[in-house]
>>> print(open('upload03.cif').read())   # mmCIF, C-alpha atoms
data_target
#
loop_
_atom_site.label_atom_id
_atom_site.label_comp_id
_atom_site.auth_asym_id
_atom_site.auth_seq_id
_atom_site.Cartn_x
_atom_site.Cartn_y
_atom_site.Cartn_z
CA MET A 1 206.54 105.53 57.52
CA ALA A 2 206.76 102.99 60.32
CA GLU A 3 209.83 102.72 62.54
CA GLY A 4 212.49 100.14 61.87
CA LEU A 5 211.50 99.24 58.29
CA MET A 6 214.55 100.68 56.59
CA SER A 7 218.31 100.51 56.89
CA ILE A 8 221.20 102.56 55.60
CA PRO A 9 224.80 101.46 55.00
CA LYS A 10 226.91 102.13 58.10
CA GLU A 11 230.16 101.83 56.14
CA PHE A 12 229.05 104.17 53.36
CA ALA A 13 231.94 105.91 51.58
CA ALA A 14 230.97 109.02 49.66
CA PRO A 15 231.92 108.88 45.96
CA PRO A 16 233.33 112.07 44.40
CA GLY A 17 230.68 114.69 43.75
CA LEU A 18 228.06 113.02 45.94
CA LEU A 19 226.83 116.37 47.29
CA ASP A 20 227.64 118.61 44.33
CA GLY A 21 225.33 121.63 44.18
CA ARG A 22 223.92 121.06 47.65
CA CYS A 23 223.87 123.61 50.44
CA ILE A 24 224.05 122.08 53.93
CA LEU A 25 223.91 123.80 57.32
CA ILE A 26 225.55 122.02 60.25
CA THR A 27 225.20 123.27 63.82
CA GLY A 28 228.04 122.53 66.20
CA SER A 29 230.44 122.47 63.27
CA SER A 30 233.38 123.91 65.22
CA GLY A 31 234.34 120.58 66.78
CA GLY A 32 233.67 116.88 67.25
CA LEU A 33 231.17 115.22 64.96
CA GLY A 34 230.03 118.54 63.47
CA ARG A 35 233.56 119.43 62.37
CA ALA A 36 234.17 116.00 60.84
CA LEU A 37 230.86 116.13 59.04
CA ALA A 38 231.49 119.64 57.72
CA LEU A 39 234.82 118.55 56.24
CA ASP A 40 233.39 115.40 54.66
CA CYS A 41 230.38 117.23 53.22
CA ALA A 42 232.73 119.79 51.69
CA ARG A 43 234.93 117.02 50.23
CA ALA A 44 231.78 115.55 48.68
CA GLY A 45 231.05 118.84 46.94
CA ALA A 46 228.59 120.59 49.25
CA SER A 47 228.55 124.27 50.09
CA VAL A 48 228.64 124.03 53.87
CA ILE A 49 227.21 126.63 56.23
CA LEU A 50 229.26 126.37 59.42
CA ALA A 51 227.03 127.25 62.37
CA GLY A 52 228.37 127.69 65.89
CA ARG A 53 229.15 130.13 68.66
CA ASN A 54 232.97 130.24 68.51
CA ALA A 55 234.10 132.49 65.68
CA ALA A 56 237.79 131.55 65.90
CA LYS A 57 237.07 127.80 65.67
CA LEU A 58 234.64 128.31 62.79
CA GLU A 59 237.23 130.34 60.91
CA ARG A 60 239.77 127.52 61.30
CA ILE A 61 237.31 125.03 59.80
CA TYR A 62 236.56 127.56 57.07
CA ASP A 63 240.28 127.73 56.22
CA GLU A 64 240.59 123.92 56.23
CA ILE A 65 237.71 123.57 53.80
CA THR A 66 239.06 126.32 51.56
CA ALA A 67 242.45 124.59 51.51
CA LEU A 68 240.76 121.43 50.25
CA GLY A 69 239.67 123.25 47.11
CA ALA A 70 236.07 122.48 48.03
CA PRO A 71 233.18 124.91 47.46
CA ARG A 72 233.66 128.01 49.60
CA PRO A 73 231.82 127.57 52.91
CA ALA A 74 229.90 130.19 54.85
CA ILE A 75 229.96 131.01 58.56
CA ALA A 76 226.79 131.49 60.60
CA LEU A 77 227.77 132.76 64.04
CA LEU A 78 224.88 131.69 66.27
CA ASP A 79 224.86 130.95 70.00
CA LEU A 80 221.90 128.64 70.49
CA ALA A 81 221.81 129.39 74.21
CA THR A 82 221.15 133.10 73.72
CA ALA A 83 219.97 133.58 70.11
CA THR A 84 216.98 135.87 69.72
CA ALA A 85 214.07 135.56 67.31
CA ALA A 86 215.62 138.34 65.25
CA GLU A 87 218.88 136.37 64.91
CA TYR A 88 217.05 133.24 63.73
CA ASP A 89 215.02 135.27 61.26
CA SER A 90 218.15 137.04 60.01
CA LEU A 91 219.90 133.71 59.40
CA ALA A 92 216.90 132.35 57.50
CA ALA A 93 216.69 135.48 55.38
CA THR A 94 220.41 135.41 54.59
CA ILE A 95 220.29 131.76 53.50
CA ALA A 96 217.28 132.43 51.28
CA GLN A 97 218.99 135.44 49.72
CA GLU A 98 222.50 134.02 49.31
CA PHE A 99 221.74 130.38 48.43
CA GLY A 100 218.09 130.39 47.33
CA LYS A 101 217.48 127.03 48.98
CA LEU A 102 218.74 124.71 51.70
CA ASP A 103 219.31 121.05 50.85
CA GLY A 104 220.43 119.76 54.22
CA LEU A 105 220.19 120.65 57.91
CA VAL A 106 222.12 118.71 60.55
CA HIS A 107 221.46 119.47 64.21
CA GLY A 108 224.82 118.59 65.71
CA ALA A 109 225.15 121.15 68.53
CA ALA A 110 224.43 119.94 72.05
CA LEU A 111 225.26 120.43 75.72
CA LEU A 112 225.86 117.57 78.15
CA GLY A 113 224.83 119.33 81.34
CA ASP A 114 225.15 117.63 84.72
CA ARG A 115 225.46 113.90 85.40
CA THR A 116 223.58 113.98 88.71
CA PRO A 117 220.35 112.54 90.18
CA LEU A 118 217.20 114.42 89.17
CA GLU A 119 216.62 115.19 92.85
CA GLN A 120 219.82 117.27 92.88
CA TYR A 121 219.82 118.56 89.32
CA ASP A 122 220.57 122.28 88.99
CA VAL A 123 217.45 123.92 87.55
CA PRO A 124 219.18 126.69 85.52
CA THR A 125 221.44 124.04 83.95
CA TRP A 126 218.36 121.93 83.16
CA CYS A 127 216.73 124.87 81.38
CA ARG A 128 219.88 125.71 79.42
CA VAL A 129 220.43 122.13 78.22
CA LEU A 130 216.82 121.71 77.15
CA HIS A 131 216.91 125.02 75.32
CA VAL A 132 220.12 124.32 73.38
CA ASN A 133 219.44 120.64 72.68
CA LEU A 134 215.69 120.68 72.04
CA THR A 135 214.09 124.11 71.73
CA ALA A 136 216.78 125.64 69.52
CA PRO A 137 216.72 122.82 66.93
CA PHE A 138 212.93 123.13 66.80
CA ILE A 139 213.18 126.89 66.20
CA LEU A 140 215.93 126.56 63.62
CA THR A 141 214.04 123.90 61.69
CA GLN A 142 210.88 125.99 61.77
CA VAL A 143 212.51 129.16 60.39
CA LEU A 144 214.45 127.22 57.74
CA LEU A 145 211.53 125.18 56.41
CA PRO A 146 210.79 127.70 53.62
CA SER A 147 214.37 127.34 52.30
CA LEU A 148 214.25 123.56 52.73
CA ARG A 149 211.02 123.47 50.72
CA ARG A 150 212.76 125.23 47.84
CA SER A 151 215.12 122.28 47.49
CA PRO A 152 214.09 119.43 45.18
CA ASP A 153 215.57 116.99 47.70
CA ALA A 154 216.01 118.26 51.27
CA SER A 155 217.18 116.25 54.27
CA VAL A 156 216.91 117.17 57.96
CA ILE A 157 218.96 115.10 60.42
CA PHE A 158 218.76 115.24 64.20
CA VAL A 159 221.81 113.86 66.01
CA SER A 160 220.40 111.43 68.55
CA SER A 161 221.80 109.28 71.36
CA GLY A 162 221.31 105.88 72.89
CA VAL A 163 219.85 107.53 75.99
CA ALA A 164 216.98 108.83 73.86
CA THR A 165 215.56 105.35 73.42
CA ARG A 166 216.98 103.59 76.49
CA PRO A 167 216.53 105.70 79.65
CA ARG A 168 219.44 105.59 82.08
CA ALA A 169 219.87 106.98 85.56
CA TYR A 170 221.80 110.24 86.07
CA TRP A 171 221.63 111.48 82.49
CA GLY A 172 219.27 114.30 83.42
CA ALA A 173 218.38 117.03 80.96
CA TYR A 174 220.58 115.60 78.20
CA ALA A 175 218.56 112.39 78.03
CA VAL A 176 215.26 114.27 78.26
CA SER A 177 216.32 116.61 75.45
CA LYS A 178 217.35 113.76 73.17
CA ALA A 179 214.11 111.89 73.86
CA GLY A 180 212.27 115.10 73.02
CA LEU A 181 214.17 115.43 69.74
CA GLU A 182 213.01 111.96 68.78
CA SER A 183 209.42 113.13 69.30
CA VAL A 184 210.09 116.23 67.19
CA ARG A 185 211.65 114.09 64.47
CA GLY A 186 208.69 111.69 64.43
CA MET A 187 206.04 114.40 64.43
CA LEU A 188 207.77 116.48 61.78
CA ALA A 189 208.15 113.49 59.47
CA LEU A 190 204.44 112.72 59.80
CA GLU A 191 203.42 116.33 59.25
CA LEU A 192 205.57 116.53 56.11
CA GLU A 193 204.75 113.07 54.75
CA HIS A 194 202.93 114.52 51.74
CA GLU A 195 206.00 116.55 50.75
CA PRO A 196 208.24 113.95 49.06
CA ASN A 197 211.08 116.42 48.56
CA LEU A 198 211.54 116.78 52.35
CA ARG A 199 212.69 113.98 54.65
CA VAL A 200 213.44 113.94 58.39
CA ASN A 201 215.55 111.35 60.20
CA SER A 202 217.82 110.96 63.21
CA ILE A 203 221.16 109.22 63.66
CA ASN A 204 222.82 108.07 66.87
CA PRO A 205 226.58 108.32 66.21
CA GLY A 206 227.35 105.97 69.09
CA ARG A 207 230.58 105.91 71.10
CA ILE A 208 232.92 108.42 69.46
CA ARG A 209 235.99 110.33 70.59
CA THR A 210 234.70 113.81 71.46
CA ALA A 211 235.04 116.30 74.30
CA MET A 212 231.45 115.59 75.34
CA ARG A 213 232.12 111.86 75.56
CA ALA A 214 235.22 112.53 77.67
CA ALA A 215 233.19 114.71 80.04
CA ALA A 216 230.51 112.04 80.37
CA TYR A 217 232.99 109.17 80.84
CA PRO A 218 236.21 110.67 82.27
CA ALA A 219 237.71 107.24 83.13
CA GLU A 220 237.19 105.84 79.62
CA ASP A 221 240.17 105.21 77.36
CA PRO A 222 239.56 107.43 74.29
CA ASN A 223 241.66 105.09 72.16
CA THR A 224 238.87 102.51 72.43
CA LEU A 225 236.43 104.85 70.67
CA ALA A 226 235.76 105.52 67.02
CA SER A 227 236.83 108.89 65.64
CA PRO A 228 234.04 111.28 64.58
CA ALA A 229 235.20 110.91 60.97
CA ALA A 230 234.53 107.17 61.16
CA VAL A 231 230.76 107.65 61.54
CA THR A 232 230.01 110.36 58.98
CA GLY A 233 229.06 107.86 56.25
CA PRO A 234 225.40 107.38 57.27
CA PHE A 235 224.98 111.16 57.52
CA LEU A 236 226.34 111.73 54.01
CA TYR A 237 224.12 108.94 52.72
CA LEU A 238 220.98 110.61 54.10
CA LEU A 239 222.11 114.05 52.93
CA SER A 240 222.53 112.79 49.36
CA GLU A 241 220.10 111.57 46.73
CA ARG A 242 220.86 108.04 47.97
CA GLY A 243 218.62 108.84 50.95
CA ARG A 244 215.51 109.59 48.89
CA GLY A 245 212.53 107.81 50.37
CA VAL A 246 214.18 107.26 53.76
CA ASP A 247 211.98 109.25 56.11
CA GLY A 248 210.88 109.31 59.74
CA GLN A 249 213.57 106.88 60.89
CA TYR A 250 216.08 106.49 63.72
CA PHE A 251 219.43 104.91 62.86
CA ASP A 252 222.53 103.80 64.73
CA ALA A 253 225.77 104.78 62.98
CA GLN A 254 227.72 101.94 64.61
#
>>> encode(input="upload03.cif", output="C-alpha cells")
Amino acid sequence: MAEGLMSIPKEFAAPPGLLDGRCILITGSSGGLGRALALDCARAGASVILAGRNAAKLERIYDEITALGAPRPAIALLDLATATAAEYDSLAATIAQEFGKLDGLVHGAALLGDRTPLEQYDVPTWCRVLHVNLTAPFILTQVLLPSLRRSPDASVIFVSSGVATRPRAYWGAYAVSKAGLESVRGMLALELEHEPNLRVNSINPGRIRTAMRAAAYPAEDPNTLASPAAVTGPFLYLLSERGRGVDGQYFDAQ
C-alpha cells in the first residue's frame, strides 16, 4: 500500500473491551511510552506481555495492571542489548505454548546514545544503539512471526521518530536506527502484503514527557510536553480491529 494514503484518529479513545481476547507484547514496557501503553492495553482488555530488562520495574507494572482488575499480564525479562538466540527462541516458544497466538507486537524499547558529531561518535555506543534499536526489533519480529500468523488479526507497530524521516545533525546512531526501522517496516509490509491477517505500521509519538526526551533536550521544560498516556490512542487503534486494512504506513501521533 502506498505511503500517505491513510489516516488514523489521533484523539482515539478506546471503548471498553476494545482489545478483549488479544495478546499483545510491548518492549520497553517498564517506563515512558511503553508503560503507558501497557496500562491502556490492559484497561482495554488485552493480555499484555511486559518485555524489558528491569525485573523490579516490570513487577511494579504487573502489580498496577493486576490492581486494575484487567487480564493478568505476563513478564518477559529480556535485555535487548545482550539477548542470545536461545533467549529469543525461548520467548517465542513460551508465547506459542502459553498463549497459542500473538495479536500485537509493539517495539517500544530504544536507546538514545550520544548527541555528538559523527566524526566524534563513540563506536561501541554506535554499535549498541543500532543493535538495541534496529537489530533486536528485527530479530524479535522474525522469531514471533509464527505466533503472529496464528492470530486472525495481528498488528506489528514500530515506534518511530521525526528524525527517521527528517535527518538532523548530531543525532547519530539513534537517527540511523530509526531510519533503518522505517525500511524494515516498509519491506516487511510488502513481503506480507498477501497475508491480510498481518499488518505492519509505525507511529511517531512526537514530543512526550519521557526520560529519553529529557536526556536529548535537558534545557526543555517538561511541562510543555504531552504525557505518554496522551498519545496511546493511535497505538490502540492500530492494535484493535479498527486498524484492519491499515498497513505499511507511518503515522504521527500528534
>>> residues_around(input="upload03.cif", residues="segment 130-144 of chain A", least_positions_apart="4", cutoff="8 Å", atoms="all atoms listed in the file", output="list in words")
Leu80, Ala81, Tyr88, Asp89, Ala92, Leu102, Leu105, His107, Ala109, Ala110, Leu111, Trp126, Leu148, Ala173, Tyr174, Val176, Ser177, Lys178, Gly180, Leu181 and Val184 of chain A
>>> residues_around(input="upload03.cif", residues="Ile203 of chain A", least_positions_apart="6", cutoff="6 Å", atoms="only C-alpha atoms", output="number ranges by chain")
A: 159-160, 250-252
>>> resolve_selection(input="upload03.cif", expression="the PyMOL selection byres ((chain A and resi 214-231) around 7)", output="list in words")
Gly32, Leu33, Ala36, Pro205, Arg207, Ile208, Arg209, Thr210, Ala211, Met212, Arg213, Thr232, Gly233, Pro234 and Ala253 of chain A
>>> resolve_selection(input="upload03.cif", expression="the PyMOL selection byres ((chain A and resi 199) around 12)", output="number ranges by chain")
A: 1, 103-105, 145, 148-149, 151-158, 185-198, 200-202, 238-241, 243-249
>>> write_last_selection(input="upload03.cif", atoms="C-alpha atoms", output="PDB file, in the frame of the given file")
ATOM      1  CA  MET A   1     206.540 105.530  57.520  1.00  0.00           C
ATOM      2  CA  ASP A 103     219.310 121.050  50.850  1.00  0.00           C
ATOM      3  CA  GLY A 104     220.430 119.760  54.220  1.00  0.00           C
ATOM      4  CA  LEU A 105     220.190 120.650  57.910  1.00  0.00           C
ATOM      5  CA  LEU A 145     211.530 125.180  56.410  1.00  0.00           C
ATOM      6  CA  LEU A 148     214.250 123.560  52.730  1.00  0.00           C
ATOM      7  CA  ARG A 149     211.020 123.470  50.720  1.00  0.00           C
ATOM      8  CA  SER A 151     215.120 122.280  47.490  1.00  0.00           C
ATOM      9  CA  PRO A 152     214.090 119.430  45.180  1.00  0.00           C
ATOM     10  CA  ASP A 153     215.570 116.990  47.700  1.00  0.00           C
ATOM     11  CA  ALA A 154     216.010 118.260  51.270  1.00  0.00           C
ATOM     12  CA  SER A 155     217.180 116.250  54.270  1.00  0.00           C
ATOM     13  CA  VAL A 156     216.910 117.170  57.960  1.00  0.00           C
ATOM     14  CA  ILE A 157     218.960 115.100  60.420  1.00  0.00           C
ATOM     15  CA  PHE A 158     218.760 115.240  64.200  1.00  0.00           C
ATOM     16  CA  ARG A 185     211.650 114.090  64.470  1.00  0.00           C
ATOM     17  CA  GLY A 186     208.690 111.690  64.430  1.00  0.00           C
ATOM     18  CA  MET A 187     206.040 114.400  64.430  1.00  0.00           C
ATOM     19  CA  LEU A 188     207.770 116.480  61.780  1.00  0.00           C
ATOM     20  CA  ALA A 189     208.150 113.490  59.470  1.00  0.00           C
ATOM     21  CA  LEU A 190     204.440 112.720  59.800  1.00  0.00           C
ATOM     22  CA  GLU A 191     203.420 116.330  59.250  1.00  0.00           C
ATOM     23  CA  LEU A 192     205.570 116.530  56.110  1.00  0.00           C
ATOM     24  CA  GLU A 193     204.750 113.070  54.750  1.00  0.00           C
ATOM     25  CA  HIS A 194     202.930 114.520  51.740  1.00  0.00           C
ATOM     26  CA  GLU A 195     206.000 116.550  50.750  1.00  0.00           C
ATOM     27  CA  PRO A 196     208.240 113.950  49.060  1.00  0.00           C
ATOM     28  CA  ASN A 197     211.080 116.420  48.560  1.00  0.00           C
ATOM     29  CA  LEU A 198     211.540 116.780  52.350  1.00  0.00           C
ATOM     30  CA  VAL A 200     213.440 113.940  58.390  1.00  0.00           C
ATOM     31  CA  ASN A 201     215.550 111.350  60.200  1.00  0.00           C
ATOM     32  CA  SER A 202     217.820 110.960  63.210  1.00  0.00           C
ATOM     33  CA  LEU A 238     220.980 110.610  54.100  1.00  0.00           C
ATOM     34  CA  LEU A 239     222.110 114.050  52.930  1.00  0.00           C
ATOM     35  CA  SER A 240     222.530 112.790  49.360  1.00  0.00           C
ATOM     36  CA  GLU A 241     220.100 111.570  46.730  1.00  0.00           C
ATOM     37  CA  GLY A 243     218.620 108.840  50.950  1.00  0.00           C
ATOM     38  CA  ARG A 244     215.510 109.590  48.890  1.00  0.00           C
ATOM     39  CA  GLY A 245     212.530 107.810  50.370  1.00  0.00           C
ATOM     40  CA  VAL A 246     214.180 107.260  53.760  1.00  0.00           C
ATOM     41  CA  ASP A 247     211.980 109.250  56.110  1.00  0.00           C
ATOM     42  CA  GLY A 248     210.880 109.310  59.740  1.00  0.00           C
ATOM     43  CA  GLN A 249     213.570 106.880  60.890  1.00  0.00           C
TER      44      GLN A 249
END
>>> closest_residue(input="upload03.cif", among="A:Ala55, A:Cys127, A:Leu91, A:Leu39", to="Arg72 of chain A", atoms="all atoms listed in the file")
A:Leu39
>>> residues_near_point(input="upload03.cif", point="(231.8, 134.6, 57.7)", cutoff="10 Å", atoms="all atoms listed in the file", output="number ranges by chain")
A: 49-51, 55, 58-59, 62, 73-77
>>> write_last_selection(input="upload03.cif", atoms="C-alpha atoms", output="PDB file, keeping the file's coordinate frame")
ATOM      1  CA  ILE A  49     227.210 126.630  56.230  1.00  0.00           C
ATOM      2  CA  LEU A  50     229.260 126.370  59.420  1.00  0.00           C
ATOM      3  CA  ALA A  51     227.030 127.250  62.370  1.00  0.00           C
ATOM      4  CA  ALA A  55     234.100 132.490  65.680  1.00  0.00           C
ATOM      5  CA  LEU A  58     234.640 128.310  62.790  1.00  0.00           C
ATOM      6  CA  GLU A  59     237.230 130.340  60.910  1.00  0.00           C
ATOM      7  CA  TYR A  62     236.560 127.560  57.070  1.00  0.00           C
ATOM      8  CA  PRO A  73     231.820 127.570  52.910  1.00  0.00           C
ATOM      9  CA  ALA A  74     229.900 130.190  54.850  1.00  0.00           C
ATOM     10  CA  ILE A  75     229.960 131.010  58.560  1.00  0.00           C
ATOM     11  CA  ALA A  76     226.790 131.490  60.600  1.00  0.00           C
ATOM     12  CA  LEU A  77     227.770 132.760  64.040  1.00  0.00           C
TER      13      LEU A  77
END
>>> residues_around(input="upload03.cif", residues="Tyr170 of chain A", least_positions_apart="4", cutoff="12 Å", atoms="all atoms listed in the file", output="ChimeraX atom specification")
/A:112-121,163,174-176,216
>>> write_last_selection(input="upload03.cif", atoms="C-alpha atoms", output="PDB file, in the frame of the given file")
ATOM      1  CA  LEU A 112     225.860 117.570  78.150  1.00  0.00           C
ATOM      2  CA  GLY A 113     224.830 119.330  81.340  1.00  0.00           C
ATOM      3  CA  ASP A 114     225.150 117.630  84.720  1.00  0.00           C
ATOM      4  CA  ARG A 115     225.460 113.900  85.400  1.00  0.00           C
ATOM      5  CA  THR A 116     223.580 113.980  88.710  1.00  0.00           C
ATOM      6  CA  PRO A 117     220.350 112.540  90.180  1.00  0.00           C
ATOM      7  CA  LEU A 118     217.200 114.420  89.170  1.00  0.00           C
ATOM      8  CA  GLU A 119     216.620 115.190  92.850  1.00  0.00           C
ATOM      9  CA  GLN A 120     219.820 117.270  92.880  1.00  0.00           C
ATOM     10  CA  TYR A 121     219.820 118.560  89.320  1.00  0.00           C
ATOM     11  CA  VAL A 163     219.850 107.530  75.990  1.00  0.00           C
ATOM     12  CA  TYR A 174     220.580 115.600  78.200  1.00  0.00           C
ATOM     13  CA  ALA A 175     218.560 112.390  78.030  1.00  0.00           C
ATOM     14  CA  VAL A 176     215.260 114.270  78.260  1.00  0.00           C
ATOM     15  CA  ALA A 216     230.510 112.040  80.370  1.00  0.00           C
TER      16      ALA A 216
END
>>> atom_distance(input="upload03.cif", atom1="atom CA of Ala83 of chain A", atom2="atom CA of Gly162 of chain A")
27.9 Å
>>> build_atoms(input="upload03.cif", residues="segment 86-115 of chain A", atoms="N, CA and C atoms", output="CSV table (one decimal), in the coordinates of the input")
chain,number,residue,atom,x,y,z
A,86,ALA,N,215.1,137.5,66.3
A,86,ALA,CA,215.6,138.3,65.2
A,86,ALA,C,216.8,137.7,64.6
A,87,GLU,N,217.7,137.0,65.4
A,87,GLU,CA,218.9,136.4,64.9
A,87,GLU,C,218.5,135.2,64.1
A,88,TYR,N,217.5,134.4,64.5
A,88,TYR,CA,217.0,133.2,63.7
A,88,TYR,C,216.5,133.7,62.4
A,89,ASP,N,215.6,134.8,62.5
A,89,ASP,CA,215.0,135.3,61.3
A,89,ASP,C,216.1,135.8,60.3
A,90,SER,N,217.1,136.5,60.8
A,90,SER,CA,218.2,137.0,60.0
A,90,SER,C,218.9,135.9,59.3
A,91,LEU,N,219.2,134.8,60.0
A,91,LEU,CA,219.9,133.7,59.4
A,91,LEU,C,219.1,133.1,58.3
A,92,ALA,N,217.8,132.9,58.5
A,92,ALA,CA,216.9,132.4,57.5
A,92,ALA,C,216.8,133.2,56.3
A,93,ALA,N,216.8,134.5,56.5
A,93,ALA,CA,216.7,135.5,55.4
A,93,ALA,C,218.0,135.5,54.6
A,94,THR,N,219.1,135.4,55.3
A,94,THR,CA,220.4,135.4,54.6
A,94,THR,C,220.6,134.2,53.7
A,95,ILE,N,220.2,133.0,54.3
A,95,ILE,CA,220.3,131.8,53.5
A,95,ILE,C,219.4,131.8,52.3
A,96,ALA,N,218.2,132.3,52.4
A,96,ALA,CA,217.3,132.4,51.3
A,96,ALA,C,217.8,133.4,50.2
A,97,GLN,N,218.5,134.4,50.7
A,97,GLN,CA,219.0,135.4,49.7
A,97,GLN,C,220.3,135.0,49.0
A,98,GLU,N,221.2,134.4,49.8
A,98,GLU,CA,222.5,134.0,49.3
A,98,GLU,C,222.5,132.7,48.6
A,99,PHE,N,221.7,131.7,49.0
A,99,PHE,CA,221.7,130.4,48.4
A,99,PHE,C,220.5,130.0,47.7
A,100,GLY,N,219.4,130.7,48.0
A,100,GLY,CA,218.1,130.4,47.3
A,100,GLY,C,217.3,129.2,47.9
A,101,LYS,N,218.1,128.2,48.4
A,101,LYS,CA,217.5,127.0,49.0
A,101,LYS,C,218.4,126.4,50.0
A,102,LEU,N,217.9,125.5,50.8
A,102,LEU,CA,218.7,124.7,51.7
A,102,LEU,C,218.5,123.2,51.5
A,103,ASP,N,219.5,122.5,51.2
A,103,ASP,CA,219.3,121.0,50.8
A,103,ASP,C,219.5,120.1,52.0
A,104,GLY,N,220.2,120.6,53.1
A,104,GLY,CA,220.4,119.8,54.2
A,104,GLY,C,220.6,120.6,55.5
A,105,LEU,N,220.1,120.0,56.6
A,105,LEU,CA,220.2,120.6,57.9
A,105,LEU,C,220.5,119.6,58.9
A,106,VAL,N,221.7,119.7,59.5
A,106,VAL,CA,222.1,118.7,60.6
A,106,VAL,C,222.2,119.4,61.9
A,107,HIS,N,221.5,118.9,62.9
A,107,HIS,CA,221.5,119.5,64.2
A,107,HIS,C,222.5,118.7,65.1
A,108,GLY,N,223.7,119.2,65.0
A,108,GLY,CA,224.8,118.6,65.7
A,108,GLY,C,225.2,119.2,67.0
A,109,ALA,N,224.8,120.5,67.3
A,109,ALA,CA,225.2,121.2,68.5
A,109,ALA,C,224.4,120.6,69.7
A,110,ALA,N,225.1,120.4,70.8
A,110,ALA,CA,224.4,119.9,72.0
A,110,ALA,C,225.3,120.2,73.3
A,111,LEU,N,224.6,120.3,74.4
A,111,LEU,CA,225.3,120.4,75.7
A,111,LEU,C,225.0,119.2,76.5
A,112,LEU,N,226.0,118.8,77.3
A,112,LEU,CA,225.9,117.6,78.2
A,112,LEU,C,225.1,117.9,79.4
A,113,GLY,N,225.4,119.0,80.1
A,113,GLY,CA,224.8,119.3,81.3
A,113,GLY,C,225.4,118.5,82.5
A,114,ASP,N,224.7,118.4,83.5
A,114,ASP,CA,225.2,117.6,84.7
A,114,ASP,C,224.9,116.1,84.6
A,115,ARG,N,225.7,115.3,85.2
A,115,ARG,CA,225.5,113.9,85.4
A,115,ARG,C,225.2,113.7,86.9
